[in-house]
Amino acid sequence: MVKPDYMKFLRTETFPTPFCPGCGHGILMGAIARCATEMELDPLRLLFVSGIGCAAWIPSPHFATDTLHTTHGRAIAFATGAKLFKPALKVVVVSGDGDLSAIGGNHLIHAARRNIEMTVLCANNSIYGMTGGQAGPTTPTGARTATTPEGNPERPFDLCRLVYGAGATYVARSTVYHVRHLMKVIKNALSHKGFAFVDVVSPCFTQFGRKNKVASASDQLFGLKEACATVDGLAGLAEDRQADKIAIGEFTARKE
């Protein structure tokens, strides 16, 4: 059987993946591989960096390129060092919302402030998936988790607003349900000359869906169809709250 072209970016000996049934991270992994193939990126000049958590297993050990599997919250710090030492590298950070916006939050905002040329793909499942299902910075208000069994009392971060305010020059959001849209924004992020951030909504049924009485993993995934509204531009980030929808789209793509 002829392998699809995108398989050249994946290590087949690592399959099956460690992701739980119903996890969106495998979809994101496939989308990244397809984008790299269609853009004809050079695997020898492509560096993936990840931190700790379920999402960190997307590039390492699955991608057949150089990868750095780093310490918790420090993916962007390692990526910054690699980019400064070897500017010709295409540096792509793939990690989770807890890793990037909790313990790694300062690295995220300062890399955006400095407009360092790298692509950050945040696999956002609104929870700490690998370490026990604790509430994280993006957990919705009222959501039940291992540490908030009566419902999360705190407001979540909107990571797109956060990085835009910090100075990121490309900011977008998509979901693993909207695969064609997801691939579009990943390609645009990879092509961007500056700090590019994509918030990728990727459901976790094991730690989030079951605790919040979602009937099945497929219900959680297909529920994104109704939960999201496609918008473009900064106005969309205001519209999502008004309509009680998750705004997906490209919010800014400015040059500096």
# chains A, B, ... in the order shown; residues from 1 in each chain; ligands from 1
call {"tool": "residues_around", "arguments": {"residues": "Val93 of chain A", "least_positions_apart": "6", "cutoff": "8 Å", "atoms": "only C-alpha atoms", "output": "list in words"}}
result
Phe48, Val49, Ser50, Ala75, Ile76, Ala79, Met118, Thr119, Val120 and Leu121 of chain A
call {"tool": "write_last_selection", "arguments": {"atoms": "C-alpha atoms", "output": "PDB file, in the first residue's frame"}}
result
ATOM      1  CA  PHE A  48       9.273  21.085  17.036  1.00  0.00           C
ATOM      2  CA  VAL A  49       9.379  22.037  20.699  1.00  0.00           C
ATOM      3  CA  SER A  50       6.958  20.860  23.371  1.00  0.00           C
ATOM      4  CA  ALA A  75       8.780  25.087  25.673  1.00  0.00           C
ATOM      5  CA  ILE A  76       8.803  28.691  24.451  1.00  0.00           C
ATOM      6  CA  ALA A  79      12.270  27.517  21.320  1.00  0.00           C
ATOM      7  CA  MET A 118       7.969  31.178  15.822  1.00  0.00           C
ATOM      8  CA  THR A 119       4.653  29.378  15.510  1.00  0.00           C
ATOM      9  CA  VAL A 120       2.882  28.371  18.719  1.00  0.00           C
ATOM     10  CA  LEU A 121       0.070  25.829  18.407  1.00  0.00           C
TER      11      LEU A 121
END
call {"tool": "residues_around", "arguments": {"residues": "segment 201-208 of chain A", "least_positions_apart": "3", "cutoff": "6 Å", "atoms": "only C-alpha atoms", "output": "list in words"}}
result
Cys23, Gly24, Ala123, Asn124, Asn125, Gly129, Gly133, Thr175, Val176, Lys211 and Ala217 of chain A
call {"tool": "select_by_dssp", "arguments": {"residues": "segment 81-145 of chain A", "states": "alpha helix (DSSP H)", "output": "PyMOL selection string"}}
result
chain A and resi 81-85+97-98+105-114
call {"tool": "residues_around", "arguments": {"residues": "Leu190 of chain A", "least_positions_apart": "2", "cutoff": "9 Å", "atoms": "only C-alpha atoms", "output": "list in words"}}
result
Cys35, Ala36, Lys90, Val91, Val92, Met118, Thr119, Val185, Ile186, Lys187, Asn188, His192, Lys193 and Ala196 of chain A
call {"tool": "select_by_dssp", "arguments": {"residues": "segment 44-104 of chain A", "states": "strand (DSSP E)", "output": "list in words"}}
result
Leu46, Leu47, Phe48, Val49, Ser50, Asp66, Thr67, Leu68, His69, Lys90, Val91, Val92, Val93, Val94, Ser95 and Gly96 of chain A
call {"tool": "write_last_selection", "arguments": {"atoms": "C-alpha atoms", "output": "PDB file, in the first residue's frame"}}
result
ATOM      1  CA  LEU A  46      12.005  22.125  11.010  1.00  0.00           C
ATOM      2  CA  LEU A  47      12.214  22.032  14.814  1.00  0.00           C
ATOM      3  CA  PHE A  48       9.273  21.085  17.036  1.00  0.00           C
ATOM      4  CA  VAL A  49       9.379  22.037  20.699  1.00  0.00           C
ATOM      5  CA  SER A  50       6.958  20.860  23.371  1.00  0.00           C
ATOM      6  CA  ASP A  66      14.180  17.356  15.199  1.00  0.00           C
ATOM      7  CA  THR A  67      12.133  17.658  18.391  1.00  0.00           C
ATOM      8  CA  LEU A  68      12.784  19.040  21.847  1.00  0.00           C
ATOM      9  CA  HIS A  69      10.608  17.561  24.602  1.00  0.00           C
ATOM     10  CA  LYS A  90      11.352  26.919  11.286  1.00  0.00           C
ATOM     11  CA  VAL A  91      10.516  26.664  14.992  1.00  0.00           C
ATOM     12  CA  VAL A  92       7.099  25.302  15.965  1.00  0.00           C
ATOM     13  CA  VAL A  93       5.922  24.969  19.560  1.00  0.00           C
ATOM     14  CA  VAL A  94       3.127  22.440  20.178  1.00  0.00           C
ATOM     15  CA  SER A  95       1.901  22.158  23.736  1.00  0.00           C
ATOM     16  CA  GLY A  96      -1.169  22.351  25.944  1.00  0.00           C
TER      17      GLY A  96
END
